[in-house]
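Visitor: Input: one structure, supplied below.
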Amino acid sequence: MAIDPVENTPAQVEVSWVAERGFTLVVIMGILLVQFVLVSISFPLDELLSNKPLFHIDAAWHWYHIKIAEELFRSGRIVGYDPAFNAGFPEGVTYNWSAKFPAALAILCGRWFSEIVVYKLYAFASALIAPACVPLALYFLRMKRGQILAGALFGILLWWVSVFYWYHTAGMVSFVAASYVALPYLAKLLHYLQEGGGGGSLVGMGLLGALAMFWHPMFPVPVAMGVSLYLATSFQQLDFKRLRKLFAIVPVLALLPNLLWLYPMYHFQKVFVPGIPDISPYGKIVAASDLWKELVGIWAGNAHGSKLYAPMALAAIWGWFARGRSFTERCGRVFAILGLFLNTLAHLGGAIPFLRFLQPNRFAPVGYLALCVPASLGVYVAWENSRTSHRALARWAAKMSLAVIVIMVVYSTNEVRQEVSWTHVGHYGAPPPEVRELGELSRWVLNWLERDTSEQGRVLFETSEARIHDGAHMAGYYAHESRREFIGGPYPFANFAGFWDATAFGKPIEQISQPTFSRYLDVYNVGWILVHSTAAKRYLDNMPGVVPVAGYRELKAYRYERPLTYFLVGDGQVAEQRTNNLVLDNVAGSEIVIKFHYVPGIKSDPHTTILAIRLMDDPNPFIRILNPPKRLRLFM
């Protein structure tokens, strides 16, 4: 099928781009208003400043990182020793990929708002600004008014009726927002390569890149891919002086401020090893067939499609045939290829070892977000061909394509209505309201911890990939609020001293002999156990010395009948165990070995000789102290 190319003359481009500035601002304001109304309904708005938490799926885990960041900040640190999990491990920026930005906001706003309110304000604001990034990107790419309108519509619909909204309500707020921000950022970089600009523009882009990378470390992925594709497809049009200036300033300014947290994250994840195989399934599924399933809108199994994807892809194909040589049309093809590359990465990247840490599956909707650019251009191309093409087949194909696009956009708009509806219908994200009271199961867990446990020992806590604890990863909240230490958590698949879905210490619990399991309980000073899986209950019900004490729904609690002590060698008491503050008192013995992990950088006050000693098959050593004083404090 031949399609008549649609080209813009240079005069049209220049006049159009200058004239669209005010129009783009109006569109952005309209998008902000519409998004504000929709998010206010689903949130809802009257809970924005309440004390009810936003704890769906990963959000509770991010809350825990925010609390730790606040506590560390008070002592002037970004990494510290956290005794609450894994028998002690380095916390702070070390494992915090997504909550650094809201943690910084909580620190800045802590005088006025609690961290629960700050996180809700952050989630609300992130939802508000994300769709507005699409018309801004199209403006930078010199799109016309109709194209900007089409892109704005695609952008807001994509946020609501794709896996993006599930990501957002699941706690991946930073990733979704950073993905949307990457679109105008990439467009601005390409605009600079085409049109140039002053040094201030480059400095501004570098600093904005630093902020966006702090927002979420995956922000550079689509940006770097997009710039690379532009360089490859527009080589003959490049001004190499601009290119050298851009590479000399923007990446350096974007990276340097982030070394403050990038280096400790790299360092401590290297010295405090997980000790278990990379078995986490999150975002690493390899299935080429899911690409086609998602394209046609199938949401089943590991495929998370949207009915909006196919019409966007169809419009993007028309955009590809805008065969003019202008900057706008070249960028349309660059973003079309970028969308294809990101989807290929999403569904096949998990098979490549050095890409697995990116959790490639998450980039599938980012690929469709990139298609907003060629799709916006394609709607215009199809419209022009439907009216003016000299070929009957091209006119017919254009009209049919426009009809499909319009029908599916109307369908997706109705899906948005359902998404914000509080009625019992299917939803892409968490059903409204997003903000809810703490669940009954969580209240029972906190009551049990307060009633039946103490700070003299740890709780072996079975976390859940399926998030059975009120639909969230709640271990961090439970530990922080109850002032108890857990073995297991704060997230599944994280560490050797973990416990999730009948897998304990890196092995299925039923494959661990009872004497070995008892030894684990002794080494980690476990006094109580809380499980949910049938296999764990069956194992513990037949274990000597383990006594059932309580239960609620699928949860069952046990007490391990043994003397509790944090001292393996020597004697004493743990007088205080808080973030980066472990106080030992009444210490006796020429040396002590305590049931806390050793971490490079740990120190004592007063100064003592601190050594590492390995116990059982834990890959991380424990703390051995020579000639300890009667009282000392351990910290990083």
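In the structure tokens, the first chain shown is A, the next is B, and so on; residue numbers restart at 1 for each chain, and ligands run from 1 in the order shown.
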Got a sec to tell me which of range 332-535 of chain A DSSP assigns to alpha helix (DSSP H), as a PyMOL selection string?

Guide: chain A and resi 332-348+364-370+372-388+392-419+440-452+475-482+514-523+534-535

Visitor: Could you write out that same residue set with C-alpha atoms as an mmCIF file, in the first residue's frame?

Guide:
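part-v4.cif was written with the following content:
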data_model
loop_
_atom_site.group_PDB
_atom_site.id
_atom_site.type_symbol
_atom_site.label_atom_id
_atom_site.label_comp_id
_atom_site.auth_asym_id
_atom_site.auth_seq_id
_atom_site.Cartn_x
_atom_site.Cartn_y
_atom_site.Cartn_z
ATOM 1 C CA GLY A 332 8.993 10.558 15.064
ATOM 2 C CA ARG A 333 10.943 7.671 13.586
ATOM 3 C CA VAL A 334 13.504 7.780 16.416
ATOM 4 C CA PHE A 335 10.761 7.452 19.033
ATOM 5 C CA ALA A 336 9.091 4.694 17.019
ATOM 6 C CA ILE A 337 12.320 2.671 17.051
ATOM 7 C CA LEU A 338 12.796 3.507 20.735
ATOM 8 C CA GLY A 339 9.356 2.102 21.510
ATOM 9 C CA LEU A 340 10.231 -1.122 19.699
ATOM 10 C CA PHE A 341 13.626 -1.377 21.428
ATOM 11 C CA LEU A 342 12.139 -0.835 24.892
ATOM 12 C CA ASN A 343 9.515 -3.515 24.329
ATOM 13 C CA THR A 344 12.166 -5.907 23.055
ATOM 14 C CA LEU A 345 14.231 -5.159 26.177
ATOM 15 C CA ALA A 346 11.144 -5.678 28.334
ATOM 16 C CA HIS A 347 10.347 -9.158 27.064
ATOM 17 C CA LEU A 348 13.802 -10.547 26.241
ATOM 18 C CA ALA A 364 7.151 -2.333 28.297
ATOM 19 C CA PRO A 365 4.783 0.576 29.049
ATOM 20 C CA VAL A 366 7.719 2.987 28.694
ATOM 21 C CA GLY A 367 8.013 1.739 25.127
ATOM 22 C CA TYR A 368 4.379 2.628 24.457
ATOM 23 C CA LEU A 369 4.935 5.978 26.107
ATOM 24 C CA ALA A 370 7.669 6.616 23.528
ATOM 25 C CA CYS A 372 3.101 8.806 21.855
ATOM 26 C CA VAL A 373 5.435 10.807 19.600
ATOM 27 C CA PRO A 374 5.035 8.915 16.306
ATOM 28 C CA ALA A 375 1.379 8.159 17.145
ATOM 29 C CA SER A 376 0.636 11.877 17.515
ATOM 30 C CA LEU A 377 2.323 12.522 14.196
ATOM 31 C CA GLY A 378 0.543 9.515 12.677
ATOM 32 C CA VAL A 379 -2.956 10.730 13.520
ATOM 33 C CA TYR A 380 -2.219 13.867 11.490
ATOM 34 C CA VAL A 381 -0.739 11.832 8.613
ATOM 35 C CA ALA A 382 -3.764 9.528 8.521
ATOM 36 C CA TRP A 383 -6.137 12.495 8.616
ATOM 37 C CA GLU A 384 -4.380 14.204 5.716
ATOM 38 C CA ASN A 385 -4.302 11.009 3.666
ATOM 39 C CA SER A 386 -7.987 10.351 4.319
ATOM 40 C CA ARG A 387 -8.831 13.713 2.707
ATOM 41 C CA THR A 388 -6.204 14.467 0.095
ATOM 42 C CA ALA A 392 -8.133 5.372 -3.227
ATOM 43 C CA LEU A 393 -6.526 2.554 -1.250
ATOM 44 C CA ALA A 394 -4.557 5.022 0.859
ATOM 45 C CA ARG A 395 -7.686 7.093 1.558
ATOM 46 C CA TRP A 396 -9.636 3.959 2.520
ATOM 47 C CA ALA A 397 -6.836 2.670 4.769
ATOM 48 C CA ALA A 398 -6.495 6.066 6.444
ATOM 49 C CA LYS A 399 -10.223 6.324 7.137
ATOM 50 C CA MET A 400 -10.372 2.796 8.541
ATOM 51 C CA SER A 401 -7.314 3.460 10.725
ATOM 52 C CA LEU A 402 -8.810 6.682 12.066
ATOM 53 C CA ALA A 403 -12.060 4.882 12.812
ATOM 54 C CA VAL A 404 -10.228 2.177 14.777
ATOM 55 C CA ILE A 405 -8.181 4.774 16.662
ATOM 56 C CA VAL A 406 -11.239 6.869 17.547
ATOM 57 C CA ILE A 407 -13.282 3.834 18.647
ATOM 58 C CA MET A 408 -10.500 2.524 20.872
ATOM 59 C CA VAL A 409 -9.802 5.956 22.336
ATOM 60 C CA VAL A 410 -13.490 6.245 23.239
ATOM 61 C CA TYR A 411 -13.347 2.735 24.719
ATOM 62 C CA SER A 412 -10.233 3.646 26.735
ATOM 63 C CA THR A 413 -11.903 6.825 27.938
ATOM 64 C CA ASN A 414 -14.729 4.718 29.308
ATOM 65 C CA GLU A 415 -12.107 2.512 30.978
ATOM 66 C CA VAL A 416 -10.780 5.620 32.725
ATOM 67 C CA ARG A 417 -14.293 6.248 34.022
ATOM 68 C CA GLN A 418 -14.354 2.694 35.367
ATOM 69 C CA GLU A 419 -10.862 3.092 36.835
ATOM 70 C CA GLU A 440 -7.519 -5.862 60.313
ATOM 71 C CA LEU A 441 -4.750 -8.390 59.734
ATOM 72 C CA SER A 442 -2.087 -5.739 60.312
ATOM 73 C CA ARG A 443 -3.778 -4.575 63.493
ATOM 74 C CA TRP A 444 -3.809 -8.179 64.729
ATOM 75 C CA VAL A 445 -0.096 -8.601 63.936
ATOM 76 C CA LEU A 446 0.817 -5.419 65.807
ATOM 77 C CA ASN A 447 -1.324 -6.434 68.794
ATOM 78 C CA TRP A 448 0.278 -9.883 68.873
ATOM 79 C CA LEU A 449 3.775 -8.428 68.693
ATOM 80 C CA GLU A 450 2.986 -6.064 71.557
ATOM 81 C CA ARG A 451 1.291 -8.730 73.671
ATOM 82 C CA ASP A 452 3.368 -11.873 73.151
ATOM 83 C CA ALA A 475 7.291 -6.203 57.464
ATOM 84 C CA GLY A 476 9.077 -2.849 57.691
ATOM 85 C CA TYR A 477 6.006 -1.168 59.157
ATOM 86 C CA TYR A 478 5.440 -3.963 61.657
ATOM 87 C CA ALA A 479 9.061 -3.949 62.826
ATOM 88 C CA HIS A 480 9.287 -0.178 63.124
ATOM 89 C CA GLU A 481 5.982 0.333 64.892
ATOM 90 C CA SER A 482 6.428 -2.596 67.305
ATOM 91 C CA GLN A 514 15.129 -29.920 62.509
ATOM 92 C CA PRO A 515 18.521 -29.797 64.334
ATOM 93 C CA THR A 516 19.841 -27.377 61.682
ATOM 94 C CA PHE A 517 16.717 -25.246 61.895
ATOM 95 C CA SER A 518 17.032 -25.122 65.699
ATOM 96 C CA ARG A 519 20.625 -23.997 65.286
ATOM 97 C CA TYR A 520 19.473 -21.190 62.975
ATOM 98 C CA LEU A 521 16.946 -20.085 65.587
ATOM 99 C CA ASP A 522 19.677 -20.027 68.241
ATOM 100 C CA VAL A 523 22.226 -18.152 66.086
ATOM 101 C CA THR A 534 0.760 -24.368 54.755
ATOM 102 C CA ALA A 535 4.230 -25.898 54.368
#

Visitor: Just want the 12 Å neighbourhood of Ala177 in chain A, counted on only C-alpha atoms, with same-chain residues fewer than 4 positions away dropped. Output as an NGL selection string.

Guide: :A and (98 or 101 or 122-134 or 159 or 164-165 or 167-168 or 171-173 or 181-184 or 212-213 or 215-219 or 366 or 369)

Visitor: Based on the selection just made, write N, CA and C atoms of those residues as an mmCIF file, in the first residue's frame.

Guide:
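Contents of part_21.cif, as written:
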data_model
loop_
_atom_site.group_PDB
_atom_site.id
_atom_site.type_symbol
_atom_site.label_atom_id
_atom_site.label_comp_id
_atom_site.auth_asym_id
_atom_site.auth_seq_id
_atom_site.Cartn_x
_atom_site.Cartn_y
_atom_site.Cartn_z
ATOM 1 N N SER A 98 13.779 3.590 45.101
ATOM 2 C CA SER A 98 12.601 4.356 44.680
ATOM 3 C C SER A 98 12.113 5.391 45.682
ATOM 4 N N PHE A 101 13.638 10.218 46.810
ATOM 5 C CA PHE A 101 13.026 11.534 46.595
ATOM 6 C C PHE A 101 11.970 11.834 47.665
ATOM 7 N N TYR A 122 3.359 13.337 47.814
ATOM 8 C CA TYR A 122 4.301 13.009 46.746
ATOM 9 C C TYR A 122 3.633 12.150 45.678
ATOM 10 N N ALA A 123 2.899 11.130 46.097
ATOM 11 C CA ALA A 123 2.215 10.256 45.133
ATOM 12 C C ALA A 123 1.170 11.036 44.343
ATOM 13 N N PHE A 124 0.428 11.898 45.018
ATOM 14 C CA PHE A 124 -0.599 12.698 44.356
ATOM 15 C C PHE A 124 0.031 13.637 43.331
ATOM 16 N N ALA A 125 1.091 14.339 43.737
ATOM 17 C CA ALA A 125 1.742 15.285 42.828
ATOM 18 C C ALA A 125 2.376 14.565 41.644
ATOM 19 N N SER A 126 2.959 13.398 41.885
ATOM 20 C CA SER A 126 3.574 12.636 40.797
ATOM 21 C C SER A 126 2.523 12.214 39.777
ATOM 22 N N ALA A 127 1.364 11.783 40.270
ATOM 23 C CA ALA A 127 0.270 11.418 39.369
ATOM 24 C C ALA A 127 -0.214 12.624 38.579
ATOM 25 N N LEU A 128 -0.180 13.763 39.201
ATOM 26 C CA LEU A 128 -0.702 14.976 38.580
ATOM 27 C C LEU A 128 0.167 15.427 37.405
ATOM 28 N N ILE A 129 1.467 15.437 37.593
ATOM 29 C CA ILE A 129 2.342 16.046 36.582
ATOM 30 C C ILE A 129 2.713 15.091 35.454
ATOM 31 N N ALA A 130 2.623 13.773 35.684
ATOM 32 C CA ALA A 130 3.134 12.823 34.688
ATOM 33 C C ALA A 130 2.512 13.012 33.300
ATOM 34 N N PRO A 131 1.183 12.967 33.143
ATOM 35 C CA PRO A 131 0.617 13.085 31.786
ATOM 36 C C PRO A 131 0.918 14.413 31.103
ATOM 37 N N ALA A 132 1.159 15.456 31.905
ATOM 38 C CA ALA A 132 1.448 16.768 31.307
ATOM 39 C C ALA A 132 2.802 16.790 30.618
ATOM 40 N N CYS A 133 3.626 15.788 30.887
ATOM 41 C CA CYS A 133 4.945 15.735 30.248
ATOM 42 C C CYS A 133 4.842 15.450 28.744
ATOM 43 N N VAL A 134 3.785 14.771 28.318
ATOM 44 C CA VAL A 134 3.679 14.383 26.905
ATOM 45 C C VAL A 134 3.501 15.608 26.002
ATOM 46 N N TRP A 159 -1.619 6.624 31.084
ATOM 47 C CA TRP A 159 -1.368 6.617 32.530
ATOM 48 C C TRP A 159 -2.438 5.826 33.269
ATOM 49 N N PHE A 164 0.978 1.078 33.704
ATOM 50 C CA PHE A 164 1.498 2.259 34.397
ATOM 51 C C PHE A 164 0.686 2.555 35.660
ATOM 52 N N TYR A 165 -0.640 2.496 35.549
ATOM 53 C CA TYR A 165 -1.458 2.823 36.719
ATOM 54 C C TYR A 165 -1.311 1.742 37.782
ATOM 55 N N TYR A 167 1.446 0.059 38.264
ATOM 56 C CA TYR A 167 2.740 0.397 38.854
ATOM 57 C C TYR A 167 2.586 1.518 39.882
ATOM 58 N N HIS A 168 1.869 2.566 39.511
ATOM 59 C CA HIS A 168 1.724 3.718 40.400
ATOM 60 C C HIS A 168 1.048 3.321 41.707
ATOM 61 N N GLY A 171 3.018 1.255 44.285
ATOM 62 C CA GLY A 171 4.134 1.867 44.991
ATOM 63 C C GLY A 171 5.292 2.261 44.103
ATOM 64 N N MET A 172 5.219 1.950 42.789
ATOM 65 C CA MET A 172 6.297 2.331 41.863
ATOM 66 C C MET A 172 6.067 3.753 41.357
ATOM 67 N N VAL A 173 5.742 4.628 42.275
ATOM 68 C CA VAL A 173 5.396 6.011 41.942
ATOM 69 C C VAL A 173 6.561 6.703 41.248
ATOM 70 N N VAL A 181 8.730 11.926 32.814
ATOM 71 C CA VAL A 181 9.643 13.076 32.750
ATOM 72 C C VAL A 181 10.738 12.839 31.711
ATOM 73 N N ALA A 182 11.126 11.562 31.517
ATOM 74 C CA ALA A 182 12.175 11.248 30.545
ATOM 75 C C ALA A 182 11.770 11.652 29.131
ATOM 76 N N LEU A 183 10.469 11.680 28.844
ATOM 77 C CA LEU A 183 10.012 11.997 27.487
ATOM 78 C C LEU A 183 10.350 13.440 27.099
ATOM 79 N N PRO A 184 9.927 14.466 27.858
ATOM 80 C CA PRO A 184 10.329 15.825 27.470
ATOM 81 C C PRO A 184 11.822 16.079 27.636
ATOM 82 N N ALA A 212 16.383 14.097 38.186
ATOM 83 C CA ALA A 212 15.562 12.989 37.694
ATOM 84 C C ALA A 212 16.200 11.643 38.017
ATOM 85 N N MET A 213 17.518 11.563 37.966
ATOM 86 C CA MET A 213 18.199 10.316 38.315
ATOM 87 C C MET A 213 18.071 10.031 39.804
ATOM 88 N N TRP A 215 15.494 10.955 41.435
ATOM 89 C CA TRP A 215 14.084 10.576 41.501
ATOM 90 C C TRP A 215 13.951 9.076 41.298
ATOM 91 N N HIS A 216 14.562 8.576 40.228
ATOM 92 C CA HIS A 216 14.615 7.129 40.018
ATOM 93 C C HIS A 216 15.819 6.796 39.152
ATOM 94 N N PRO A 217 16.641 5.826 39.558
ATOM 95 C CA PRO A 217 17.881 5.543 38.821
ATOM 96 C C PRO A 217 17.675 4.950 37.433
ATOM 97 N N MET A 218 16.442 4.503 37.099
ATOM 98 C CA MET A 218 16.180 3.984 35.761
ATOM 99 C C MET A 218 15.874 5.094 34.758
ATOM 100 N N PHE A 219 15.793 6.327 35.217
ATOM 101 C CA PHE A 219 15.493 7.453 34.339
ATOM 102 C C PHE A 219 16.424 7.527 33.125
ATOM 103 N N VAL A 366 6.877 1.857 29.078
ATOM 104 C CA VAL A 366 7.719 2.987 28.694
ATOM 105 C C VAL A 366 7.895 3.006 27.177
ATOM 106 N N LEU A 369 4.870 4.544 25.845
ATOM 107 C CA LEU A 369 4.935 5.978 26.107
ATOM 108 C C LEU A 369 5.763 6.680 25.028
#

Visitor: With distances taken over only C-alpha atoms, which residue among A:Leu158, A:Ala170, A:Ala106, A:Ala322 lies nearest Arg467 in chain A?

Guide: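 For Arg467 in chain A, the nearest of the given residues is A:Ala170.
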